[in-house]
Structures are given as C-alpha cells and as structure tokens.
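Engineer: Structure: protein13.pdb, PDB, C-alpha atoms.
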```pdb
ATOM      1  CA  MET U 164     -92.891-114.566 -95.000  1.00  0.00           C
ATOM      2  CA  LYS U 165     -93.963-111.963 -92.455  1.00  0.00           C
ATOM      3  CA  ARG U 166     -90.549-112.233 -90.776  1.00  0.00           C
ATOM      4  CA  LEU U 167     -88.817-111.673 -94.119  1.00  0.00           C
ATOM      5  CA  ALA U 168     -90.924-108.602 -94.850  1.00  0.00           C
ATOM      6  CA  LEU U 169     -90.211-107.243 -91.391  1.00  0.00           C
ATOM      7  CA  ALA U 170     -86.450-107.746 -91.868  1.00  0.00           C
ATOM      8  CA  VAL U 171     -86.515-106.005 -95.238  1.00  0.00           C
ATOM      9  CA  LEU U 172     -88.418-103.069 -93.728  1.00  0.00           C
ATOM     10  CA  LEU U 173     -85.977-102.852 -90.820  1.00  0.00           C
ATOM     11  CA  PHE U 174     -82.878-102.783 -93.044  1.00  0.00           C
ATOM     12  CA  ALA U 175     -84.504-100.317 -95.402  1.00  0.00           C
ATOM     13  CA  SER U 176     -85.063 -97.908 -92.534  1.00  0.00           C
ATOM     14  CA  ILE U 177     -81.426 -97.929 -91.326  1.00  0.00           C
ATOM     15  CA  PRO U 178     -80.100 -95.329 -93.836  1.00  0.00           C
ATOM     16  CA  ALA U 179     -82.916 -92.953 -92.891  1.00  0.00           C
ATOM     17  CA  PHE U 180     -82.066 -93.190 -89.194  1.00  0.00           C
ATOM     18  CA  ALA U 181     -78.354 -92.813 -89.960  1.00  0.00           C
ATOM     19  CA  ALA U 182     -78.974 -89.715 -92.061  1.00  0.00           C
ATOM     20  CA  ASP U 183     -81.124 -88.134 -89.346  1.00  0.00           C
ATOM     21  CA  GLY U 184     -78.617 -88.841 -86.591  1.00  0.00           C
ATOM     22  CA  ALA U 185     -75.403 -88.171 -88.472  1.00  0.00           C
ATOM     23  CA  LYS U 186     -73.634 -84.874 -87.977  1.00  0.00           C
ATOM     24  CA  ALA U 187     -72.899 -82.707 -90.991  1.00  0.00           C
ATOM     25  CA  PRO U 188     -69.197 -82.639 -91.917  1.00  0.00           C
ATOM     26  CA  ALA U 189     -67.364 -79.920 -90.042  1.00  0.00           C
ATOM     27  CA  ALA U 190     -66.484 -76.882 -92.121  1.00  0.00           C
ATOM     28  CA  VAL U 191     -62.804 -76.580 -92.940  1.00  0.00           C
ATOM     29  CA  ALA U 192     -61.361 -73.867 -90.726  1.00  0.00           C
ATOM     30  CA  ALA U 193     -59.501 -70.935 -92.178  1.00  0.00           C
ATOM     31  CA  ALA U 194     -55.745 -71.492 -92.080  1.00  0.00           C
ATOM     32  CA  LYS U 195     -53.094 -69.031 -90.965  1.00  0.00           C
ATOM     33  CA  TYR U 196     -50.435 -68.123 -93.521  1.00  0.00           C
ATOM     34  CA  ASP U 197     -47.355 -66.181 -92.407  1.00  0.00           C
ATOM     35  CA  ILE U 198     -46.110 -63.491 -94.766  1.00  0.00           C
ATOM     36  CA  ASP U 199     -42.796 -64.417 -96.384  1.00  0.00           C
ATOM     37  CA  PRO U 200     -40.750 -61.179 -96.207  1.00  0.00           C
ATOM     38  CA  THR U 201     -38.145 -62.446 -98.684  1.00  0.00           C
ATOM     39  CA  HIS U 202     -40.736 -62.567-101.481  1.00  0.00           C
ATOM     40  CA  SER U 203     -43.065 -59.743-100.454  1.00  0.00           C
ATOM     41  CA  ASN U 204     -42.734 -55.997-100.614  1.00  0.00           C
ATOM     42  CA  VAL U 205     -44.611 -52.727-100.522  1.00  0.00           C
ATOM     43  CA  THR U 206     -43.648 -49.843-102.801  1.00  0.00           C
ATOM     44  CA  PHE U 207     -45.040 -46.332-102.938  1.00  0.00           C
ATOM     45  CA  GLY U 208     -44.503 -43.471-105.316  1.00  0.00           C
ATOM     46  CA  TRP U 209     -45.124 -39.734-105.646  1.00  0.00           C
ATOM     47  CA  ASN U 210     -44.665 -36.894-108.089  1.00  0.00           C
ATOM     48  CA  HIS U 211     -41.717 -34.562-107.409  1.00  0.00           C
ATOM     49  CA  PHE U 212     -42.379 -30.973-108.571  1.00  0.00           C
ATOM     50  CA  GLY U 213     -43.835 -32.331-111.814  1.00  0.00           C
ATOM     51  CA  PHE U 214     -40.430 -33.518-113.021  1.00  0.00           C
ATOM     52  CA  SER U 215     -40.201 -37.127-111.867  1.00  0.00           C
ATOM     53  CA  ASN U 216     -42.059 -39.927-110.123  1.00  0.00           C
ATOM     54  CA  PRO U 217     -39.721 -41.477-107.532  1.00  0.00           C
ATOM     55  CA  THR U 218     -40.550 -44.625-105.608  1.00  0.00           C
ATOM     56  CA  ALA U 219     -39.603 -46.074-102.257  1.00  0.00           C
ATOM     57  CA  ARG U 220     -39.788 -49.564-100.843  1.00  0.00           C
ATOM     58  CA  LEU U 221     -40.650 -50.854 -97.409  1.00  0.00           C
ATOM     59  CA  LYS U 222     -38.318 -53.844 -97.270  1.00  0.00           C
ATOM     60  CA  THR U 223     -39.361 -55.173 -93.881  1.00  0.00           C
ATOM     61  CA  ILE U 224     -42.824 -56.672 -93.789  1.00  0.00           C
ATOM     62  CA  GLU U 225     -44.409 -58.698 -90.996  1.00  0.00           C
ATOM     63  CA  GLY U 226     -47.851 -60.199 -90.569  1.00  0.00           C
ATOM     64  CA  SER U 227     -50.207 -62.950 -91.575  1.00  0.00           C
ATOM     65  CA  VAL U 228     -53.177 -63.896 -93.711  1.00  0.00           C
ATOM     66  CA  LEU U 229     -56.081 -65.890 -92.308  1.00  0.00           C
ATOM     67  CA  LEU U 230     -57.122 -67.680 -95.484  1.00  0.00           C
ATOM     68  CA  ASP U 231     -60.495 -69.338 -96.004  1.00  0.00           C
ATOM     69  CA  GLN U 232     -60.178 -71.030 -99.383  1.00  0.00           C
ATOM     70  CA  ALA U 233     -63.822 -72.122 -99.408  1.00  0.00           C
ATOM     71  CA  ASP U 234     -64.988 -68.529 -99.014  1.00  0.00           C
ATOM     72  CA  LEU U 235     -62.337 -65.869 -99.544  1.00  0.00           C
ATOM     73  CA  THR U 236     -64.683 -63.198 -98.191  1.00  0.00           C
ATOM     74  CA  LYS U 237     -64.152 -64.748 -94.750  1.00  0.00           C
ATOM     75  CA  SER U 238     -60.391 -64.240 -95.003  1.00  0.00           C
ATOM     76  CA  SER U 239     -58.414 -61.436 -93.374  1.00  0.00           C
ATOM     77  CA  VAL U 240     -54.950 -59.897 -93.413  1.00  0.00           C
ATOM     78  CA  SER U 241     -52.848 -58.059 -90.854  1.00  0.00           C
ATOM     79  CA  VAL U 242     -49.572 -56.362 -91.803  1.00  0.00           C
ATOM     80  CA  THR U 243     -46.919 -54.347 -89.958  1.00  0.00           C
ATOM     81  CA  LEU U 244     -44.303 -52.322 -91.845  1.00  0.00           C
ATOM     82  CA  PRO U 245     -41.410 -51.080 -89.689  1.00  0.00           C
ATOM     83  CA  LEU U 246     -40.093 -47.790 -91.052  1.00  0.00           C
ATOM     84  CA  GLU U 247     -36.546 -48.940 -90.409  1.00  0.00           C
ATOM     85  CA  GLY U 248     -37.021 -50.861 -93.664  1.00  0.00           C
ATOM     86  CA  LEU U 249     -37.744 -47.722 -95.720  1.00  0.00           C
ATOM     87  CA  ASP U 250     -35.483 -47.647 -98.772  1.00  0.00           C
ATOM     88  CA  THR U 251     -35.524 -45.081-101.589  1.00  0.00           C
ATOM     89  CA  GLY U 252     -32.050 -45.981-102.799  1.00  0.00           C
ATOM     90  CA  VAL U 253     -30.842 -42.590-101.530  1.00  0.00           C
ATOM     91  CA  PRO U 254     -29.726 -42.763 -97.866  1.00  0.00           C
ATOM     92  CA  LYS U 255     -30.126 -39.010 -97.250  1.00  0.00           C
ATOM     93  CA  LEU U 256     -33.672 -39.118 -98.600  1.00  0.00           C
ATOM     94  CA  ASP U 257     -34.425 -42.160 -96.426  1.00  0.00           C
ATOM     95  CA  GLU U 258     -33.378 -40.201 -93.351  1.00  0.00           C
ATOM     96  CA  HIS U 259     -35.358 -37.114 -94.408  1.00  0.00           C
ATOM     97  CA  LEU U 260     -38.544 -39.124 -94.929  1.00  0.00           C
ATOM     98  CA  LYS U 261     -38.136 -40.543 -91.421  1.00  0.00           C
ATOM     99  CA  THR U 262     -37.903 -37.094 -89.820  1.00  0.00           C
ATOM    100  CA  ALA U 263     -40.779 -35.054 -88.359  1.00  0.00           C
ATOM    101  CA  ASP U 264     -41.106 -33.321 -91.763  1.00  0.00           C
ATOM    102  CA  PHE U 265     -42.727 -36.498 -93.044  1.00  0.00           C
ATOM    103  CA  LEU U 266     -43.250 -39.853 -91.298  1.00  0.00           C
ATOM    104  CA  ASP U 267     -41.613 -39.044 -87.935  1.00  0.00           C
ATOM    105  CA  ALA U 268     -40.334 -42.598 -87.493  1.00  0.00           C
ATOM    106  CA  ALA U 269     -38.926 -41.861 -84.029  1.00  0.00           C
ATOM    107  CA  LYS U 270     -42.459 -41.241 -82.763  1.00  0.00           C
ATOM    108  CA  TYR U 271     -44.383 -43.549 -85.135  1.00  0.00           C
ATOM    109  CA  PRO U 272     -41.999 -46.411 -85.994  1.00  0.00           C
ATOM    110  CA  THR U 273     -44.472 -48.601 -87.901  1.00  0.00           C
ATOM    111  CA  ILE U 274     -47.202 -48.505 -90.509  1.00  0.00           C
ATOM    112  CA  THR U 275     -49.990 -51.041 -89.992  1.00  0.00           C
ATOM    113  CA  PHE U 276     -52.936 -52.379 -91.973  1.00  0.00           C
ATOM    114  CA  LYS U 277     -55.734 -54.612 -90.670  1.00  0.00           C
ATOM    115  CA  SER U 278     -58.530 -55.709 -92.954  1.00  0.00           C
ATOM    116  CA  THR U 279     -62.150 -55.282 -91.925  1.00  0.00           C
ATOM    117  CA  LYS U 280     -63.909 -56.624 -95.036  1.00  0.00           C
ATOM    118  CA  VAL U 281     -63.073 -58.746 -98.068  1.00  0.00           C
ATOM    119  CA  GLU U 282     -65.257 -58.826-101.186  1.00  0.00           C
ATOM    120  CA  LYS U 283     -64.893 -60.914-104.342  1.00  0.00           C
ATOM    121  CA  VAL U 284     -64.628 -59.156-107.693  1.00  0.00           C
ATOM    122  CA  GLY U 285     -64.877 -61.416-110.734  1.00  0.00           C
ATOM    123  CA  ASP U 286     -62.956 -64.687-110.884  1.00  0.00           C
ATOM    124  CA  ASN U 287     -59.762 -63.806-109.036  1.00  0.00           C
ATOM    125  CA  GLY U 288     -60.236 -60.216-107.898  1.00  0.00           C
ATOM    126  CA  LEU U 289     -60.709 -59.011-104.333  1.00  0.00           C
ATOM    127  CA  LYS U 290     -61.639 -55.705-102.763  1.00  0.00           C
ATOM    128  CA  ILE U 291     -60.001 -55.557 -99.345  1.00  0.00           C
ATOM    129  CA  THR U 292     -61.128 -52.781 -97.012  1.00  0.00           C
ATOM    130  CA  GLY U 293     -59.239 -52.119 -93.810  1.00  0.00           C
ATOM    131  CA  ASP U 294     -57.745 -49.686 -91.335  1.00  0.00           C
ATOM    132  CA  LEU U 295     -54.430 -48.136 -92.336  1.00  0.00           C
ATOM    133  CA  ASN U 296     -52.372 -46.456 -89.608  1.00  0.00           C
ATOM    134  CA  VAL U 297     -49.675 -44.020 -90.762  1.00  0.00           C
ATOM    135  CA  HIS U 298     -48.055 -41.267 -88.715  1.00  0.00           C
ATOM    136  CA  GLY U 299     -50.302 -42.110 -85.763  1.00  0.00           C
ATOM    137  CA  VAL U 300     -53.496 -41.588 -87.802  1.00  0.00           C
ATOM    138  CA  THR U 301     -55.886 -44.409 -88.719  1.00  0.00           C
ATOM    139  CA  LYS U 302     -58.051 -44.148 -91.838  1.00  0.00           C
ATOM    140  CA  PRO U 303     -60.086 -46.682 -93.846  1.00  0.00           C
ATOM    141  CA  VAL U 304     -58.594 -47.619 -97.221  1.00  0.00           C
ATOM    142  CA  THR U 305     -59.544 -50.091 -99.921  1.00  0.00           C
ATOM    143  CA  LEU U 306     -57.045 -52.284-101.739  1.00  0.00           C
ATOM    144  CA  ASN U 307     -57.829 -53.537-105.237  1.00  0.00           C
ATOM    145  CA  ALA U 308     -56.302 -56.991-105.110  1.00  0.00           C
ATOM    146  CA  LYS U 309     -56.007 -60.132-107.175  1.00  0.00           C
ATOM    147  CA  VAL U 310     -55.215 -63.706-106.265  1.00  0.00           C
ATOM    148  CA  ASN U 311     -52.045 -64.770-108.056  1.00  0.00           C
ATOM    149  CA  LYS U 312     -51.972 -68.365-106.882  1.00  0.00           C
ATOM    150  CA  ILE U 313     -52.987 -70.593-103.990  1.00  0.00           C
ATOM    151  CA  GLY U 314     -51.423 -74.034-103.813  1.00  0.00           C
ATOM    152  CA  LEU U 315     -48.375 -76.108-103.041  1.00  0.00           C
ATOM    153  CA  PHE U 316     -44.998 -74.361-103.281  1.00  0.00           C
ATOM    154  CA  GLU U 317     -42.138 -76.759-103.980  1.00  0.00           C
ATOM    155  CA  MET U 318     -38.424 -76.003-104.207  1.00  0.00           C
ATOM    156  CA  GLY U 319     -36.104 -78.961-103.763  1.00  0.00           C
ATOM    157  CA  PRO U 320     -36.901 -80.727-100.502  1.00  0.00           C
ATOM    158  CA  TYR U 321     -38.858 -77.727 -99.194  1.00  0.00           C
ATOM    159  CA  GLU U 322     -42.576 -77.595 -99.721  1.00  0.00           C
ATOM    160  CA  ALA U 323     -45.432 -75.686 -98.141  1.00  0.00           C
ATOM    161  CA  GLN U 324     -48.928 -74.533 -98.899  1.00  0.00           C
ATOM    162  CA  ALA U 325     -48.651 -70.986-100.192  1.00  0.00           C
ATOM    163  CA  ALA U 326     -50.808 -68.069-101.253  1.00  0.00           C
ATOM    164  CA  GLY U 327     -49.814 -65.064-103.357  1.00  0.00           C
ATOM    165  CA  PHE U 328     -51.565 -61.768-103.971  1.00  0.00           C
ATOM    166  CA  ASP U 329     -50.973 -58.413-105.656  1.00  0.00           C
ATOM    167  CA  ALA U 330     -52.775 -55.243-104.585  1.00  0.00           C
ATOM    168  CA  GLU U 331     -52.754 -51.516-105.196  1.00  0.00           C
ATOM    169  CA  THR U 332     -54.385 -48.356-103.922  1.00  0.00           C
ATOM    170  CA  VAL U 333     -53.936 -44.587-103.868  1.00  0.00           C
ATOM    171  CA  ILE U 334     -53.930 -42.653-100.597  1.00  0.00           C
ATOM    172  CA  LYS U 335     -53.634 -38.967 -99.743  1.00  0.00           C
ATOM    173  CA  ARG U 336     -50.752 -38.348 -97.365  1.00  0.00           C
ATOM    174  CA  SER U 337     -52.459 -35.229 -96.042  1.00  0.00           C
ATOM    175  CA  ASP U 338     -55.202 -37.500 -94.632  1.00  0.00           C
ATOM    176  CA  PHE U 339     -52.518 -38.835 -92.303  1.00  0.00           C
ATOM    177  CA  GLY U 340     -51.075 -35.489 -91.305  1.00  0.00           C
ATOM    178  CA  VAL U 341     -48.134 -35.633 -93.727  1.00  0.00           C
ATOM    179  CA  SER U 342     -48.324 -32.563 -95.975  1.00  0.00           C
ATOM    180  CA  LYS U 343     -44.809 -31.104 -96.209  1.00  0.00           C
ATOM    181  CA  TYR U 344     -44.088 -29.465 -99.626  1.00  0.00           C
ATOM    182  CA  GLU U 345     -47.600 -30.153-100.884  1.00  0.00           C
ATOM    183  CA  PRO U 346     -48.660 -29.632-103.689  1.00  0.00           C
ATOM    184  CA  ALA U 347     -45.192 -29.412-105.280  1.00  0.00           C
ATOM    185  CA  VAL U 348     -44.646 -32.897-103.915  1.00  0.00           C
ATOM    186  CA  SER U 349     -47.875 -34.710-104.692  1.00  0.00           C
ATOM    187  CA  ASP U 350     -50.481 -35.377-102.041  1.00  0.00           C
ATOM    188  CA  GLU U 351     -51.537 -38.594-103.771  1.00  0.00           C
ATOM    189  CA  ILE U 352     -49.320 -41.584-103.077  1.00  0.00           C
ATOM    190  CA  ALA U 353     -49.629 -44.696-105.248  1.00  0.00           C
ATOM    191  CA  VAL U 354     -49.125 -47.911-103.287  1.00  0.00           C
ATOM    192  CA  ARG U 355     -48.328 -51.304-104.786  1.00  0.00           C
ATOM    193  CA  ILE U 356     -48.098 -54.559-102.845  1.00  0.00           C
ATOM    194  CA  THR U 357     -46.981 -58.048-103.730  1.00  0.00           C
ATOM    195  CA  LEU U 358     -47.471 -60.665-101.059  1.00  0.00           C
ATOM    196  CA  ASP U 359     -46.269 -64.242-100.644  1.00  0.00           C
ATOM    197  CA  ALA U 360     -47.452 -66.161 -97.589  1.00  0.00           C
ATOM    198  CA  LYS U 361     -46.745 -69.708 -96.408  1.00  0.00           C
ATOM    199  CA  GLN U 362     -49.064 -71.786 -94.246  1.00  0.00           C
ATOM    200  CA  ALA U 363     -47.985 -71.703 -90.608  1.00  0.00           C
ATOM    201  CA  LYS U 364     -46.676 -74.993 -89.250  1.00  0.00           C
TER     202      LYS U 364
END
```
Turn this file's structure into structure tokens for me.

Structural biologist:
Amino acid sequence: MKRLALAVLLFASIPAFAADGAKAPAAVAAAKYDIDPTHSNVTFGWNHFGFSNPTARLKTIEGSVLLDQADLTKSSVSVTLPLEGLDTGVPKLDEHLKTADFLDAAKYPTITFKSTKVEKVGDNGLKITGDLNVHGVTKPVTLNAKVNKIGLFEMGPYEAQAAGFDAETVIKRSDFGVSKYEPAVSDEIAVRITLDAKQAK
C-alpha cells in the first residue's frame, strides 16, 4: 500500500516538474514583406493659384514592411521613391518639377521614409511616425494609416501572405527647402499612399 501511494505521488509530481523545466513557446518573429510596386503607389497634390488642385504620382516604389501581426506597434516600414518615377501626366511639368526650381532630382534622386514609431488607433487604425527625406532634408512626419487586410492572397496558382495599408498626411514643402512660387502654388502638399506587400520568400 505504501508503494502504491509513493507511485501515485511520484506520477502526480511529474507535470509540476515538467512545467517548471519547460521553456515558454518562442514568440513568433516579425516577418518581412516586400512592397509590391505593381499594386502600390504614392500620390501628392497641391493648389495651383487657387484655380485647380493637380496631382502627381510616384510610380516607382521600393521597400519593405517588417510586420509583427501579434503586435503591430512593433512593426516598421522603409520606403524609397525614385524621382524618375514622377508622373503628373504632363511631361513638361514632370521635367520642371525635377529641376532645381523644385525637387532637384539630379542632386537628390530619391525620396525616402523610414518609420520610427507605430501606434494603434482604434480597431484597424495606425499612426506611423517616421523620418521623411525630400530634397536632401530630413523631417519627422506622421502618417494616418489603416490596415486594409492581412492574409493569404490567392490568384490562380500564385499565393502568398500579403498585407495592405492606406495612409495619408499633409506636409509643407517649404520645410524641405522647396518654396518656388509659394504661396500662389500652395505650401501644403497632401500625400496619399496605398501599399500592397507580399511576404518575402
């Protein structure tokens, strides 16, 4: 009877020892998602002498998102926008915007953004703060973003984990040393972003 009691006590103590010695499950690491340039773009707009509100698009977009689905505040984004992809729909205007009057693309061929902080806002909103470099000047900006969808993208035989976001902000071009024709051409520039990224293989 004593042996039976001892055996029961021994087996009863095994889970306790296992729990003490077992390692906690490793946290899932953030995954890298490459920006899909065919389904992403950045547009910006301005007011022209009070008469119209033209827009331009930066068609070439490069970069990645480090996505932590368990805690989006631990995510980050890095984007490069070559000015060779600037497109207003008017070739002469494209060339003028690339001159030293405005963006001086020969000297500063890219615009870059690197996030420094991500905050959650409501259920699917994000506030993304980061360093924006335009015209050789770096300033902090905040993007008001929302998560469109995170999940499996399927199209025929192709499938990949994907993440999509929209974001917008307003910057002052004079903050970046671009002030030609101000205030007739507005200082404030509205920026809109739509981003599609696929998990890196």

Engineer: Apply the PyMOL selection byres ((chain U and resi 340) around 10) to the displayed file and report the matching residues as a PyMOL selection string.

Structural biologist: chain U and resi 265-266+297-300+335-339+341-343

Engineer: Just the selected residues (C-alpha atoms), exported as a PDB file, in the coordinates of the input, please.

Structural biologist:
```pdb
ATOM      1  CA  PHE U 265     -42.727 -36.498 -93.044  1.00  0.00           C
ATOM      2  CA  LEU U 266     -43.250 -39.853 -91.298  1.00  0.00           C
ATOM      3  CA  VAL U 297     -49.675 -44.020 -90.762  1.00  0.00           C
ATOM      4  CA  HIS U 298     -48.055 -41.267 -88.715  1.00  0.00           C
ATOM      5  CA  GLY U 299     -50.302 -42.110 -85.763  1.00  0.00           C
ATOM      6  CA  VAL U 300     -53.496 -41.588 -87.802  1.00  0.00           C
ATOM      7  CA  LYS U 335     -53.634 -38.967 -99.743  1.00  0.00           C
ATOM      8  CA  ARG U 336     -50.752 -38.348 -97.365  1.00  0.00           C
ATOM      9  CA  SER U 337     -52.459 -35.229 -96.042  1.00  0.00           C
ATOM     10  CA  ASP U 338     -55.202 -37.500 -94.632  1.00  0.00           C
ATOM     11  CA  PHE U 339     -52.518 -38.835 -92.303  1.00  0.00           C
ATOM     12  CA  VAL U 341     -48.134 -35.633 -93.727  1.00  0.00           C
ATOM     13  CA  SER U 342     -48.324 -32.563 -95.975  1.00  0.00           C
ATOM     14  CA  LYS U 343     -44.809 -31.104 -96.209  1.00  0.00           C
TER      15      LYS U 343
END
```

Engineer: From the list U:Thr251, U:Ser203, U:Asn311, U:Thr243, which residue is nearest Asn216 of chain U when using all atoms listed in the file?

Structural biologist: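 Closest candidate: U:Thr251.
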
Engineer: Step by step, work through what the PyMOL selection byres ((chain U and resi 324) around 8) selects in the shown file, and finish by giving those residues as a ChimeraX atom specification.

Structural biologist: /U:313-316,322-323,325-326,361-362

Engineer: Within 9 Å of Ala353 of chain U, counting only C-alpha atoms, which residues show up once you throw out same-chain ones fewer than 6 positions away? Write them as a list in words, please.

Structural biologist: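 Those residues are Thr206, Phe207, Gly208, Trp209, Glu331, Thr332, Val333, Ile334 and Lys335 of chain U.
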
Engineer: Determine the nearest neighbour of Ala347 of chain U from the options U:Val240, U:Phe212, U:Asp231, U:Ile198, counting all atoms listed in the file.

Structural biologist: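 Answer, going by the shortest atom-to-atom distance: U:Phe212.
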
Engineer: Which value, in Å to one decimal, gives the distance between atom CA of Lys302 of chain U and atom CA of Phe214 of chain U?

Structural biologist: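 For atom CA of Lys302 of chain U relative to atom CA of Phe214 of chain U, the distance reads 29.5 Å.
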
Engineer: For the PyMOL selection byres ((chain U and resi 306) around 9), applied here, can you spell out every residue it catches as a list of chain:residue names?

Structural biologist: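 On this input, the PyMOL selection byres ((chain U and resi 306) around 9) captures U:Leu289, U:Lys290, U:Ile291, U:Thr292, U:Gly293, U:Val304, U:Thr305, U:Asn307, U:Ala308, U:Ala330, U:Glu331, U:Thr332, U:Val333.
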
Engineer: The selected residues should be written to file as a PDB file, in the frame of the given file (atoms: C-alpha atoms).

Structural biologist:
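Contents of out.pdb, freshly written:
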```pdb
ATOM      1  CA  LEU U 289     -60.709 -59.011-104.333  1.00  0.00           C
ATOM      2  CA  LYS U 290     -61.639 -55.705-102.763  1.00  0.00           C
ATOM      3  CA  ILE U 291     -60.001 -55.557 -99.345  1.00  0.00           C
ATOM      4  CA  THR U 292     -61.128 -52.781 -97.012  1.00  0.00           C
ATOM      5  CA  GLY U 293     -59.239 -52.119 -93.810  1.00  0.00           C
ATOM      6  CA  VAL U 304     -58.594 -47.619 -97.221  1.00  0.00           C
ATOM      7  CA  THR U 305     -59.544 -50.091 -99.921  1.00  0.00           C
ATOM      8  CA  ASN U 307     -57.829 -53.537-105.237  1.00  0.00           C
ATOM      9  CA  ALA U 308     -56.302 -56.991-105.110  1.00  0.00           C
ATOM     10  CA  ALA U 330     -52.775 -55.243-104.585  1.00  0.00           C
ATOM     11  CA  GLU U 331     -52.754 -51.516-105.196  1.00  0.00           C
ATOM     12  CA  THR U 332     -54.385 -48.356-103.922  1.00  0.00           C
ATOM     13  CA  VAL U 333     -53.936 -44.587-103.868  1.00  0.00           C
TER      14      VAL U 333
END
```

Engineer: For a test of reading the model, state the distance in Å between atom CA of Thr275 of chain U and atom CA of Ser241 of chain U, rounded to one decimal.

Structural biologist: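 Taking atom CA of Thr275 of chain U and atom CA of Ser241 of chain U, their separation equals 7.6 Å.
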
Engineer: In Å to one decimal, how far is atom CA of Gly226 of chain U from atom CA of Leu246 of chain U?

Structural biologist: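 Here the two named atoms are 14.6 Å from each other.
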
Engineer: For Thr201 of chain U, which residue among U:Asp359, U:Glu345, U:Glu258, U:Glu351 is the nearest when counting all atoms listed in the file?

Structural biologist: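 Under the stated criterion, the closest residue is U:Asp359.
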
Engineer: Missing atoms in segment 228-235 of chain U should be modelled up to all heavy atoms and reported as a PDB file, in the frame of the given file.

Structural biologist:
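So part.pdb came out as:
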```
ATOM      1  N   VAL U 228     -51.900 -63.829 -93.011  1.00  0.00           N
ATOM      2  CA  VAL U 228     -53.177 -63.896 -93.711  1.00  0.00           C
ATOM      3  C   VAL U 228     -53.957 -65.059 -93.120  1.00  0.00           C
ATOM      4  O   VAL U 228     -53.423 -66.164 -92.983  1.00  0.00           O
ATOM      5  CB  VAL U 228     -52.976 -64.135 -95.223  1.00  0.00           C
ATOM      6  CG1 VAL U 228     -54.327 -64.273 -95.924  1.00  0.00           C
ATOM      7  CG2 VAL U 228     -52.152 -63.022 -95.838  1.00  0.00           C
ATOM      8  N   LEU U 229     -55.193 -64.810 -92.728  1.00  0.00           N
ATOM      9  CA  LEU U 229     -56.081 -65.890 -92.308  1.00  0.00           C
ATOM     10  C   LEU U 229     -56.909 -66.230 -93.541  1.00  0.00           C
ATOM     11  O   LEU U 229     -57.792 -65.463 -93.940  1.00  0.00           O
ATOM     12  CB  LEU U 229     -56.970 -65.443 -91.152  1.00  0.00           C
ATOM     13  CG  LEU U 229     -57.734 -66.554 -90.428  1.00  0.00           C
ATOM     14  CD1 LEU U 229     -56.760 -67.543 -89.796  1.00  0.00           C
ATOM     15  CD2 LEU U 229     -58.662 -65.974 -89.378  1.00  0.00           C
ATOM     16  N   LEU U 230     -56.592 -67.360 -94.159  1.00  0.00           N
ATOM     17  CA  LEU U 230     -57.122 -67.680 -95.484  1.00  0.00           C
ATOM     18  C   LEU U 230     -58.207 -68.749 -95.407  1.00  0.00           C
ATOM     19  O   LEU U 230     -57.970 -69.863 -94.937  1.00  0.00           O
ATOM     20  CB  LEU U 230     -55.983 -68.163 -96.386  1.00  0.00           C
ATOM     21  CG  LEU U 230     -56.352 -68.460 -97.840  1.00  0.00           C
ATOM     22  CD1 LEU U 230     -56.802 -67.192 -98.551  1.00  0.00           C
ATOM     23  CD2 LEU U 230     -55.178 -69.080 -98.566  1.00  0.00           C
ATOM     24  N   ASP U 231     -59.381 -68.396 -95.892  1.00  0.00           N
ATOM     25  CA  ASP U 231     -60.495 -69.338 -96.004  1.00  0.00           C
ATOM     26  C   ASP U 231     -60.682 -69.621 -97.494  1.00  0.00           C
ATOM     27  O   ASP U 231     -61.286 -68.828 -98.218  1.00  0.00           O
ATOM     28  CB  ASP U 231     -61.759 -68.735 -95.397  1.00  0.00           C
ATOM     29  CG  ASP U 231     -62.902 -69.736 -95.299  1.00  0.00           C
ATOM     30  OD1 ASP U 231     -63.008 -70.603 -96.187  1.00  0.00           O
ATOM     31  OD2 ASP U 231     -63.685 -69.648 -94.336  1.00  0.00           O
ATOM     32  N   GLN U 232     -60.135 -70.733 -97.951  1.00  0.00           N
ATOM     33  CA  GLN U 232     -60.178 -71.030 -99.383  1.00  0.00           C
ATOM     34  C   GLN U 232     -61.591 -71.301 -99.874  1.00  0.00           C
ATOM     35  O   GLN U 232     -61.911 -71.055-101.039  1.00  0.00           O
ATOM     36  CB  GLN U 232     -59.282 -72.229 -99.695  1.00  0.00           C
ATOM     37  CG  GLN U 232     -57.803 -71.944 -99.533  1.00  0.00           C
ATOM     38  CD  GLN U 232     -56.949 -73.047-100.139  1.00  0.00           C
ATOM     39  OE1 GLN U 232     -57.070 -73.375-101.322  1.00  0.00           O
ATOM     40  NE2 GLN U 232     -56.088 -73.621 -99.319  1.00  0.00           N
ATOM     41  N   ALA U 233     -62.449 -71.824 -99.004  1.00  0.00           N
ATOM     42  CA  ALA U 233     -63.822 -72.122 -99.408  1.00  0.00           C
ATOM     43  C   ALA U 233     -64.635 -70.852 -99.620  1.00  0.00           C
ATOM     44  O   ALA U 233     -65.550 -70.817-100.438  1.00  0.00           O
ATOM     45  CB  ALA U 233     -64.489 -73.001 -98.352  1.00  0.00           C
ATOM     46  N   ASP U 234     -64.284 -69.802 -98.892  1.00  0.00           N
ATOM     47  CA  ASP U 234     -64.988 -68.529 -99.014  1.00  0.00           C
ATOM     48  C   ASP U 234     -63.999 -67.413 -98.698  1.00  0.00           C
ATOM     49  O   ASP U 234     -63.783 -67.059 -97.540  1.00  0.00           O
ATOM     50  CB  ASP U 234     -66.170 -68.485 -98.048  1.00  0.00           C
ATOM     51  CG  ASP U 234     -67.020 -67.220 -98.218  1.00  0.00           C
ATOM     52  OD1 ASP U 234     -66.613 -66.327 -98.995  1.00  0.00           O
ATOM     53  OD2 ASP U 234     -68.074 -67.124 -97.569  1.00  0.00           O
ATOM     54  N   LEU U 235     -63.384 -66.876 -99.738  1.00  0.00           N
ATOM     55  CA  LEU U 235     -62.337 -65.869 -99.544  1.00  0.00           C
ATOM     56  C   LEU U 235     -62.838 -64.620 -98.838  1.00  0.00           C
ATOM     57  O   LEU U 235     -62.058 -63.884 -98.238  1.00  0.00           O
ATOM     58  CB  LEU U 235     -61.725 -65.486-100.892  1.00  0.00           C
ATOM     59  CG  LEU U 235     -60.863 -66.564-101.569  1.00  0.00           C
ATOM     60  CD1 LEU U 235     -60.402 -66.084-102.938  1.00  0.00           C
ATOM     61  CD2 LEU U 235     -59.667 -66.939-100.707  1.00  0.00           C
TER      62      LEU U 235
END
```
